[in-house]
file coords10.txt (compact mmCIF, C-alpha atoms)
# COMPACT_ATOMS: atom_id res chain seq x y z
CA MET A 1 75.78 53.54 129.20
CA ARG A 2 73.50 55.17 131.76
CA GLN A 3 72.92 58.90 131.40
CA ARG A 4 74.93 60.64 134.14
CA ILE A 5 72.83 63.80 134.44
CA PRO A 6 69.06 64.30 134.13
CA SER A 7 67.66 65.95 131.02
CA LEU A 8 67.25 69.71 130.93
CA SER A 9 63.55 69.40 130.13
CA SER A 10 62.89 67.23 133.20
CA LEU A 11 64.77 69.68 135.45
CA ARG A 12 62.74 72.60 134.08
CA ALA A 13 59.52 70.69 134.72
CA PHE A 14 60.61 69.90 138.28
CA GLU A 15 61.58 73.53 139.01
CA ALA A 16 58.27 74.86 137.69
CA ALA A 17 56.20 72.28 139.57
CA ALA A 18 58.17 72.80 142.80
CA SER A 19 57.69 76.56 142.50
CA HIS A 20 53.90 76.45 141.95
CA LEU A 21 52.99 73.08 143.48
CA ASN A 22 50.51 72.99 140.65
CA LEU A 23 51.02 71.12 137.38
CA ARG A 24 48.66 73.34 135.41
CA ARG A 25 50.56 76.50 136.35
CA ALA A 26 53.87 74.77 135.70
CA ALA A 27 52.66 73.76 132.25
CA LYS A 28 51.60 77.35 131.54
CA ASP A 29 55.06 78.64 132.50
CA LEU A 30 56.77 76.12 130.24
CA PHE A 31 54.33 76.46 127.31
CA ILE A 32 53.68 72.71 127.28
CA THR A 33 50.78 70.50 128.31
CA GLU A 34 50.07 69.41 131.87
CA SER A 35 50.57 65.77 130.88
CA ALA A 36 53.97 66.63 129.42
CA VAL A 37 55.01 68.18 132.75
CA SER A 38 53.86 65.03 134.54
CA ARG A 39 55.82 62.80 132.16
CA GLN A 40 59.00 64.84 132.64
CA ILE A 41 58.69 64.66 136.43
CA ILE A 42 58.09 60.90 136.31
CA ALA A 43 61.18 60.55 134.12
CA LEU A 44 63.24 62.54 136.65
CA GLU A 45 61.92 60.44 139.54
CA LYS A 46 62.81 57.27 137.64
CA PHE A 47 66.30 58.64 136.94
CA LEU A 48 66.88 59.57 140.60
CA GLY A 49 65.15 56.50 141.98
CA VAL A 50 63.06 58.50 144.48
CA GLU A 51 59.58 60.02 144.60
CA LEU A 52 59.78 63.82 144.44
CA PHE A 53 56.08 64.71 144.69
CA ARG A 54 52.96 63.40 146.39
CA ARG A 55 50.01 63.65 144.03
CA ALA A 56 46.39 64.17 145.01
CA ASN A 57 44.14 64.94 142.07
CA LYS A 58 45.83 67.95 140.43
CA ARG A 59 47.51 69.11 143.64
CA VAL A 60 51.12 68.17 144.28
CA THR A 61 53.33 68.54 147.33
CA LEU A 62 57.04 67.92 147.69
CA THR A 63 58.20 64.80 149.45
CA SER A 64 61.19 65.09 151.79
CA ALA A 65 63.39 63.87 148.92
CA GLY A 66 61.80 66.42 146.60
CA ALA A 67 62.39 69.24 149.08
CA ALA A 68 66.03 68.19 149.47
CA TYR A 69 66.49 67.98 145.71
CA ASN A 70 64.90 71.42 145.29
CA THR A 71 67.33 72.85 147.84
CA LEU A 72 70.30 71.31 146.03
CA ASP A 73 69.02 72.67 142.74
CA LEU A 74 68.76 76.19 144.17
CA MET A 75 72.26 75.92 145.62
CA ALA A 76 73.61 74.87 142.24
CA HIS A 77 72.06 77.93 140.62
CA GLN A 78 72.91 80.47 143.31
CA GLY A 79 76.08 79.21 144.93
CA SER A 80 79.69 80.10 144.22
CA GLY A 81 79.58 77.91 141.13
CA GLY A 82 76.30 77.74 139.29
CA ILE A 83 74.57 76.31 136.27
CA ILE A 84 74.34 78.44 133.13
CA GLU A 85 71.62 77.79 130.59
CA LEU A 86 73.11 79.02 127.32
CA ALA A 87 71.23 79.29 124.03
CA CYS A 88 73.59 79.16 121.06
CA VAL A 89 73.69 78.97 117.28
CA PRO A 90 74.12 75.18 116.86
CA THR A 91 76.93 75.17 114.30
CA LEU A 92 78.97 77.68 116.32
CA ALA A 93 78.43 75.56 119.43
CA VAL A 94 79.62 72.37 117.74
CA GLU A 95 82.55 73.73 115.74
CA TRP A 96 83.83 76.63 117.89
CA LEU A 97 82.49 76.80 121.45
CA ILE A 98 82.46 73.18 122.66
CA PRO A 99 86.06 72.41 121.55
CA ARG A 100 87.18 75.42 123.66
CA LEU A 101 85.12 74.63 126.77
CA PRO A 102 87.81 72.45 128.41
CA ASP A 103 89.83 75.65 128.89
CA PHE A 104 86.85 77.33 130.58
CA TYR A 105 86.28 74.35 132.90
CA ALA A 106 89.97 74.24 133.77
CA LYS A 107 89.67 77.84 135.01
CA HIS A 108 86.16 77.55 136.49
CA PRO A 109 85.54 73.90 137.47
CA GLN A 110 82.63 74.88 139.74
CA VAL A 111 80.50 76.21 136.85
CA VAL A 112 78.37 74.04 134.55
CA VAL A 113 77.32 75.29 131.11
CA ASN A 114 74.24 73.64 129.59
CA ILE A 115 73.92 74.42 125.87
CA SER A 116 70.69 74.47 123.86
CA ALA A 117 70.40 75.05 120.12
CA MET A 118 68.75 78.35 119.18
CA THR A 119 68.90 80.12 115.82
CA SER A 120 66.31 82.87 116.26
CA ILE A 121 65.81 85.87 118.52
CA PHE A 122 63.77 85.16 121.65
CA PHE A 123 62.65 87.15 124.69
CA PHE A 124 64.50 86.27 127.89
CA ASP A 125 61.43 86.98 130.05
CA GLY A 126 59.68 83.63 130.32
CA ALA A 127 62.58 81.76 128.67
CA PRO A 128 64.78 79.34 130.66
CA TYR A 129 68.06 80.84 129.41
CA ASP A 130 70.63 82.93 131.28
CA ALA A 131 72.51 84.04 128.17
CA SER A 132 72.75 83.48 124.44
CA ILE A 133 75.26 83.53 121.61
CA HIS A 134 73.44 85.20 118.76
CA PHE A 135 74.28 85.84 115.11
CA GLY A 136 72.86 89.11 113.83
CA SER A 137 73.06 92.81 114.70
CA ASP A 138 74.09 94.41 117.98
CA VAL A 139 70.45 95.31 118.71
CA TYR A 140 68.63 92.64 120.74
CA PRO A 141 65.27 93.30 122.46
CA GLY A 142 65.53 93.56 126.23
CA ALA A 143 69.17 92.52 126.35
CA ARG A 144 72.80 93.64 126.39
CA THR A 145 75.12 92.55 123.58
CA ASP A 146 78.91 92.06 123.55
CA LEU A 147 80.64 91.67 120.19
CA MET A 148 82.55 88.41 119.83
CA PHE A 149 83.69 88.39 116.19
CA GLY A 150 82.48 88.98 112.65
CA GLU A 151 82.09 86.45 109.90
CA GLU A 152 83.73 85.89 106.51
CA SER A 153 82.36 83.19 104.24
CA ILE A 154 84.73 81.47 101.83
CA VAL A 155 84.26 79.10 98.92
CA VAL A 156 85.23 75.50 99.66
CA CYS A 157 85.32 72.32 97.60
CA ARG A 158 86.90 68.89 97.66
CA PRO A 159 90.57 68.85 96.59
CA ASP A 160 89.65 66.73 93.56
CA TYR A 161 86.52 68.66 92.61
CA PHE A 162 88.05 70.81 89.85
CA ALA A 163 90.13 67.94 88.43
CA GLY A 164 92.72 68.41 91.15
CA ARG A 165 93.34 72.10 90.45
CA THR A 166 93.86 74.10 93.65
CA THR A 167 93.09 77.47 92.04
CA VAL A 168 90.23 78.27 89.66
CA SER A 169 88.47 81.41 88.46
CA GLU A 170 85.48 83.01 90.15
CA LEU A 171 83.45 82.25 87.01
CA GLU A 172 84.23 78.52 87.28
CA VAL A 173 83.00 78.59 90.86
CA ALA A 174 79.87 80.56 89.96
CA THR A 175 78.90 78.10 87.22
CA ALA A 176 79.56 74.97 89.31
CA PRO A 177 76.74 73.34 91.33
CA ARG A 178 76.35 75.60 94.37
CA LEU A 179 75.15 74.39 97.77
CA HIS A 180 73.08 76.99 99.66
CA LEU A 181 72.25 77.51 103.31
CA ALA A 182 68.45 77.88 103.37
CA SER A 183 68.46 80.62 106.01
CA ARG A 184 70.98 82.68 103.99
CA ALA A 185 69.50 82.26 100.54
CA LEU A 186 71.10 85.45 99.19
CA ASP A 187 74.72 84.69 100.13
CA TRP A 188 75.72 83.08 96.83
CA LYS A 189 73.97 85.86 94.89
CA LEU A 190 75.91 88.50 96.85
CA TRP A 191 79.20 86.63 96.36
CA ILE A 192 78.62 86.33 92.60
CA GLU A 193 77.64 89.98 92.21
CA SER A 194 80.58 91.21 94.31
CA ALA A 195 82.89 89.14 92.08
CA GLY A 196 81.59 91.11 89.08
CA ILE A 197 79.90 88.13 87.44
CA ASP A 198 76.60 88.40 85.56
CA LEU A 199 74.82 85.09 86.05
CA ALA A 200 71.30 84.31 84.86
CA ASN A 201 70.32 82.30 87.93
CA PRO A 202 72.56 83.08 90.94
CA MET A 203 70.00 81.52 93.29
CA GLY A 204 70.11 78.07 91.67
CA GLY A 205 71.34 75.05 93.57
CA ALA A 206 70.43 72.68 96.40
CA ARG A 207 69.48 74.09 99.79
CA PHE A 208 70.34 72.75 103.24
CA GLU A 209 69.07 73.71 106.69
CA HIS A 210 72.42 73.83 108.53
CA HIS A 211 76.00 74.73 107.68
CA THR A 212 77.08 71.26 108.76
CA MET A 213 74.85 69.85 106.02
CA VAL A 214 76.42 72.15 103.45
CA ILE A 215 79.89 71.04 104.56
CA SER A 216 78.86 67.38 104.36
CA GLY A 217 77.51 67.98 100.86
CA VAL A 218 80.80 69.54 99.79
CA LEU A 219 82.76 66.64 101.30
CA ALA A 220 80.51 64.26 99.35
CA GLY A 221 81.37 66.07 96.11
CA LEU A 222 77.87 67.48 95.50
CA GLY A 223 79.19 70.93 94.65
CA VAL A 224 80.90 74.01 96.07
CA GLY A 225 79.90 75.63 99.36
CA LEU A 226 80.05 79.15 100.75
CA VAL A 227 80.56 78.81 104.49
CA PRO A 228 82.04 80.79 107.40
CA ARG A 229 85.81 80.42 107.50
CA PHE A 230 85.92 79.36 111.16
CA LEU A 231 83.64 76.39 110.47
CA VAL A 232 85.99 74.79 107.94
CA GLU A 233 89.42 75.60 109.38
CA GLN A 234 89.98 72.01 110.54
CA TYR A 235 89.01 70.63 107.13
CA LEU A 236 91.38 73.03 105.37
CA VAL A 237 94.26 72.17 107.71
CA LYS A 238 93.69 68.42 107.26
CA GLY A 239 93.48 68.79 103.47
CA GLN A 240 89.92 67.46 103.31
CA LEU A 241 88.72 70.69 101.71
CA LEU A 242 90.35 73.60 99.91
CA SER A 243 89.36 77.13 99.03
CA PRO A 244 90.02 77.52 95.29
CA VAL A 245 89.49 81.31 95.09
CA LYS A 246 90.52 84.25 97.26
CA HIS A 247 87.26 86.14 96.87
CA PHE A 248 85.12 85.95 100.03
CA LEU A 249 81.88 87.40 101.38
CA ARG A 250 81.98 89.55 104.50
CA SER A 251 78.74 89.43 106.47
CA PRO A 252 77.16 92.64 107.82
CA ASN A 253 76.21 90.61 110.92
CA ALA A 254 78.37 89.20 113.70
CA TYR A 255 78.32 86.88 116.71
CA TYR A 256 77.33 88.46 120.03
CA PHE A 257 77.18 87.29 123.62
CA VAL A 258 73.73 88.35 124.84
CA THR A 259 72.47 88.71 128.42
CA PRO A 260 69.07 89.97 129.64
CA ASP A 261 68.52 93.49 130.97
CA SER A 262 65.70 92.32 133.21
CA ARG A 263 67.87 90.58 135.80
CA PRO A 264 71.37 91.06 137.23
CA MET A 265 74.19 88.99 135.80
CA SER A 266 75.13 86.09 138.04
CA ASP A 267 78.72 85.44 139.01
CA ALA A 268 78.77 82.31 136.84
CA VAL A 269 77.51 84.17 133.76
CA ALA A 270 80.01 86.97 134.41
CA ARG A 271 82.84 84.41 134.46
CA LEU A 272 81.61 82.85 131.21
CA ARG A 273 81.29 86.29 129.59
CA GLU A 274 84.85 87.27 130.55
CA TRP A 275 86.31 84.00 129.28
CA LEU A 276 84.20 83.97 126.12
CA LEU A 277 85.11 87.50 125.05
CA GLU A 278 88.80 86.78 125.64
CA ALA A 279 88.60 83.57 123.58
CA ALA A 280 86.74 85.41 120.83
CA HIS A 281 89.34 88.21 120.83
CA ASP A 282 92.18 85.69 120.52
CA PHE A 283 90.37 83.90 117.71
CA ALA A 284 89.62 87.11 115.79
CA GLY A 285 93.24 88.20 116.16
CA ALA A 286 94.52 84.87 114.89

call {"tool": "encode", "arguments": {"input": "coords10.txt", "output": "structure tokens"}}
result
Amino acid sequence: MRQRIPSLSSLRAFEAAASHLNLRRAAKDLFITESAVSRQIIALEKFLGVELFRRANKRVTLTSAGAAYNTLDLMAHQGSGGIIELACVPTLAVEWLIPRLPDFYAKHPQVVVNISAMTSIFFFDGAPYDASIHFGSDVYPGARTDLMFGEESIVVCRPDYFAGRTTVSELEVATAPRLHLASRALDWKLWIESAGIDLANPMGGARFEHHTMVISGVLAGLGVGLVPRFLVEQYLVKGQLLSPVKHFLRSPNAYYFVTPDSRPMSDAVARLREWLLEAAHDFAGA
């Protein structure tokens, strides 16, 4: 099926090239090569079926179609609706945010939210993002933070993992094969120590890059996982996973909605912020 909207990377390349009318400067803004900018623009032209730029050596000028498209793009960003470029922790986006977005679009059909995966802190100046959902502390360089909700990680396993028993001891969990999230290598160690268990090698076990990989490993019967409760709610409700112990790990960090200090908040971002904090409040209360 044909893609219905152009790629974000091609739109960024077009905006930068239309702003500078110079591919080298556009490439510098985007931290990519000049040839990469050219390829993205060609891909956008192929998608739209029109020529957007006239090229003469390294100089470019907008065609009439390119000028019209640039105007439409500016209207989309600055009009009563708007396009929001949101950076988000990928697992939160997949398991929590995206399933709730239909409610946002029902209330604000004129706004479009583009979501990019981002797990680390970045500086908004020079970045293509209007806002971010960040996991960490409430201190973010050059930005404002709004608390969404905290995080509790629980132990999960397959219903048949401990021979069909739905409740086991913390020691049985600690001595079972443990699946770790690579970016939170100390979580299992902290859980084991807070349970009062003295284990020779609390760091032992396979490591995975994303929570979704840990969950898949647990579903495959590779071991027990320690994952945020909100990520496995659907699996618990459906009976695909169970939590065999009550002991959990409360994270000192939380999820925050982050917006830059360096520019005023657009109406579209303000609408997303209001809806997002309300949805987060309802979720935390539940």

call {"tool": "residues_around", "arguments": {"input": "coords10.txt", "residues": "Ile215 in chain A", "least_positions_apart": "6", "cutoff": "8 Å", "atoms": "all atoms listed in the file", "output": "PyMOL selection string"}}
result
chain A and resi 225+227+232

call {"tool": "write_last_selection", "arguments": {"input": "coords10.txt", "atoms": "C-alpha atoms", "output": "short mmCIF file (atom, residue, chain, number, x, y, z; two decimals), in the frame of the given file"}}
result
data_model
loop_
_atom_site.label_atom_id
_atom_site.label_comp_id
_atom_site.auth_asym_id
_atom_site.auth_seq_id
_atom_site.Cartn_x
_atom_site.Cartn_y
_atom_site.Cartn_z
CA GLY A 225 79.90 75.63 99.36
CA VAL A 227 80.56 78.81 104.49
CA VAL A 232 85.99 74.79 107.94
#

call {"tool": "closest_residue", "arguments": {"input": "coords10.txt", "among": "A:Arg207, A:Val37, A:Leu86, A:Ala163", "to": "Phe124 in chain A", "atoms": "only C-alpha atoms"}}
result
A:Leu86

call {"tool": "closest_residue", "arguments": {"input": "coords10.txt", "among": "A:Val214, A:Ala67, A:Ala17, A:Leu171", "to": "Arg184 in chain A", "atoms": "only C-alpha atoms"}}
result
A:Val214

call {"tool": "closest_residue", "arguments": {"input": "coords10.txt", "among": "A:Pro159, A:Pro252, A:Gly164, A:Gly82", "to": "Asp130 in chain A", "atoms": "all atoms listed in the file"}}
result
A:Gly82

call {"tool": "closest_residue", "arguments": {"input": "coords10.txt", "among": "A:Glu193, A:Gly239, A:His108, A:Ala200", "to": "Glu274 in chain A", "atoms": "all atoms listed in the file"}}
result
A:His108

call {"tool": "atom_distance", "arguments": {"input": "coords10.txt", "atom1": "CA of Ala270 in chain A", "atom2": "CA of Ile83 in chain A"}}
result
12.1 Å

call {"tool": "atom_distance", "arguments": {"input": "coords10.txt", "atom1": "CA of Ala284 in chain A", "atom2": "CA of Glu152 in chain A"}}
result
11.1 Å

call {"tool": "residues_around", "arguments": {"input": "coords10.txt", "residues": "Pro202 in chain A", "least_positions_apart": "3", "cutoff": "9 Å", "atoms": "all atoms listed in the file", "output": "list in words"}}
result
Ala174, Thr175, Leu186, Trp188, Lys189, Leu190, Ile192, Glu193, Asp198, Leu199 and Gly205 of chain A

call {"tool": "closest_residue", "arguments": {"input": "coords10.txt", "among": "A:Pro99, A:Gly126, A:Gly142, A:Pro90", "to": "Asp261 in chain A", "atoms": "all atoms listed in the file"}}
result
A:Gly142

call {"tool": "closest_residue", "arguments": {"input": "coords10.txt", "among": "A:Arg250, A:Ala182, A:Asp29, A:Arg59", "to": "Met203 in chain A", "atoms": "all atoms listed in the file"}}
result
A:Ala182

call {"tool": "residues_around", "arguments": {"input": "coords10.txt", "residues": "Thr119 in chain A", "least_positions_apart": "4", "cutoff": "12 Å", "atoms": "all atoms listed in the file", "output": "PyMOL selection string"}}
result
chain A and resi 87-93+132-136+183+209-210+255

call {"tool": "atom_distance", "arguments": {"input": "coords10.txt", "atom1": "CA of Met118 in chain A", "atom2": "CA of Arg263 in chain A"}}
result
20.7 Å

call {"tool": "residues_around", "arguments": {"input": "coords10.txt", "residues": "Ala131 in chain A", "least_positions_apart": "3", "cutoff": "8 Å", "atoms": "all atoms listed in the file", "output": "PyMOL selection string"}}
result
chain A and resi 84-87+257-260+269

call {"tool": "residues_around", "arguments": {"input": "coords10.txt", "residues": "Glu34 in chain A", "least_positions_apart": "2", "cutoff": "10 Å", "atoms": "only C-alpha atoms", "output": "ChimeraX atom specification"}}
result
/A:13,22-28,30-32,36-39,58

call {"tool": "build_atoms", "arguments": {"input": "coords10.txt", "residues": "range 241-259 of chain A", "atoms": "N, CA and C atoms", "output": "PDB file, in the coordinates of the input"}}
result
ATOM      1  N   LEU A 241      89.329  69.683 102.565  1.00  0.00           N
ATOM      2  CA  LEU A 241      88.720  70.690 101.710  1.00  0.00           C
ATOM      3  C   LEU A 241      89.780  71.706 101.321  1.00  0.00           C
ATOM      4  N   LEU A 242      89.495  72.468 100.263  1.00  0.00           N
ATOM      5  CA  LEU A 242      90.350  73.600  99.910  1.00  0.00           C
ATOM      6  C   LEU A 242      89.477  74.752  99.452  1.00  0.00           C
ATOM      7  N   SER A 243      90.058  75.940  99.509  1.00  0.00           N
ATOM      8  CA  SER A 243      89.360  77.130  99.030  1.00  0.00           C
ATOM      9  C   SER A 243      90.029  77.539  97.725  1.00  0.00           C
ATOM     10  N   PRO A 244      89.364  77.344  96.580  1.00  0.00           N
ATOM     11  CA  PRO A 244      90.020  77.520  95.290  1.00  0.00           C
ATOM     12  C   PRO A 244      90.091  78.959  94.782  1.00  0.00           C
ATOM     13  N   VAL A 245      89.446  79.892  95.482  1.00  0.00           N
ATOM     14  CA  VAL A 245      89.490  81.310  95.090  1.00  0.00           C
ATOM     15  C   VAL A 245      89.702  82.166  96.336  1.00  0.00           C
ATOM     16  N   LYS A 246      90.275  83.352  96.135  1.00  0.00           N
ATOM     17  CA  LYS A 246      90.520  84.250  97.260  1.00  0.00           C
ATOM     18  C   LYS A 246      89.300  85.102  97.606  1.00  0.00           C
ATOM     19  N   HIS A 247      88.417  85.282  96.649  1.00  0.00           N
ATOM     20  CA  HIS A 247      87.260  86.140  96.870  1.00  0.00           C
ATOM     21  C   HIS A 247      86.353  85.564  97.950  1.00  0.00           C
ATOM     22  N   PHE A 248      85.973  86.401  98.929  1.00  0.00           N
ATOM     23  CA  PHE A 248      85.120  85.950 100.030  1.00  0.00           C
ATOM     24  C   PHE A 248      83.982  86.948 100.232  1.00  0.00           C
ATOM     25  N   LEU A 249      83.031  86.564 101.090  1.00  0.00           N
ATOM     26  CA  LEU A 249      81.880  87.400 101.380  1.00  0.00           C
ATOM     27  C   LEU A 249      81.922  87.782 102.859  1.00  0.00           C
ATOM     28  N   ARG A 250      81.994  89.080 103.124  1.00  0.00           N
ATOM     29  CA  ARG A 250      81.980  89.550 104.500  1.00  0.00           C
ATOM     30  C   ARG A 250      80.543  89.847 104.918  1.00  0.00           C
ATOM     31  N   SER A 251      80.116  89.261 106.019  1.00  0.00           N
ATOM     32  CA  SER A 251      78.740  89.430 106.470  1.00  0.00           C
ATOM     33  C   SER A 251      78.571  90.758 107.207  1.00  0.00           C
ATOM     34  N   PRO A 252      77.428  91.437 107.034  1.00  0.00           N
ATOM     35  CA  PRO A 252      77.160  92.640 107.820  1.00  0.00           C
ATOM     36  C   PRO A 252      76.809  92.314 109.273  1.00  0.00           C
ATOM     37  N   ASN A 253      76.548  91.036 109.570  1.00  0.00           N
ATOM     38  CA  ASN A 253      76.210  90.610 110.920  1.00  0.00           C
ATOM     39  C   ASN A 253      77.440  90.036 111.626  1.00  0.00           C
ATOM     40  N   ALA A 254      77.277  89.741 112.902  1.00  0.00           N
ATOM     41  CA  ALA A 254      78.370  89.200 113.700  1.00  0.00           C
ATOM     42  C   ALA A 254      77.808  88.341 114.817  1.00  0.00           C
ATOM     43  N   TYR A 255      78.712  87.698 115.569  1.00  0.00           N
ATOM     44  CA  TYR A 255      78.320  86.880 116.710  1.00  0.00           C
ATOM     45  C   TYR A 255      78.439  87.718 117.984  1.00  0.00           C
ATOM     46  N   TYR A 256      77.395  87.659 118.806  1.00  0.00           N
ATOM     47  CA  TYR A 256      77.330  88.460 120.030  1.00  0.00           C
ATOM     48  C   TYR A 256      76.984  87.570 121.220  1.00  0.00           C
ATOM     49  N   PHE A 257      77.580  87.898 122.359  1.00  0.00           N
ATOM     50  CA  PHE A 257      77.180  87.290 123.620  1.00  0.00           C
ATOM     51  C   PHE A 257      76.080  88.169 124.197  1.00  0.00           C
ATOM     52  N   VAL A 258      74.915  87.581 124.475  1.00  0.00           N
ATOM     53  CA  VAL A 258      73.730  88.350 124.840  1.00  0.00           C
ATOM     54  C   VAL A 258      73.264  87.950 126.241  1.00  0.00           C
ATOM     55  N   THR A 259      72.985  88.954 127.077  1.00  0.00           N
ATOM     56  CA  THR A 259      72.470  88.710 128.420  1.00  0.00           C
ATOM     57  C   THR A 259      71.271  89.630 128.669  1.00  0.00           C
TER      58      THR A 259
END
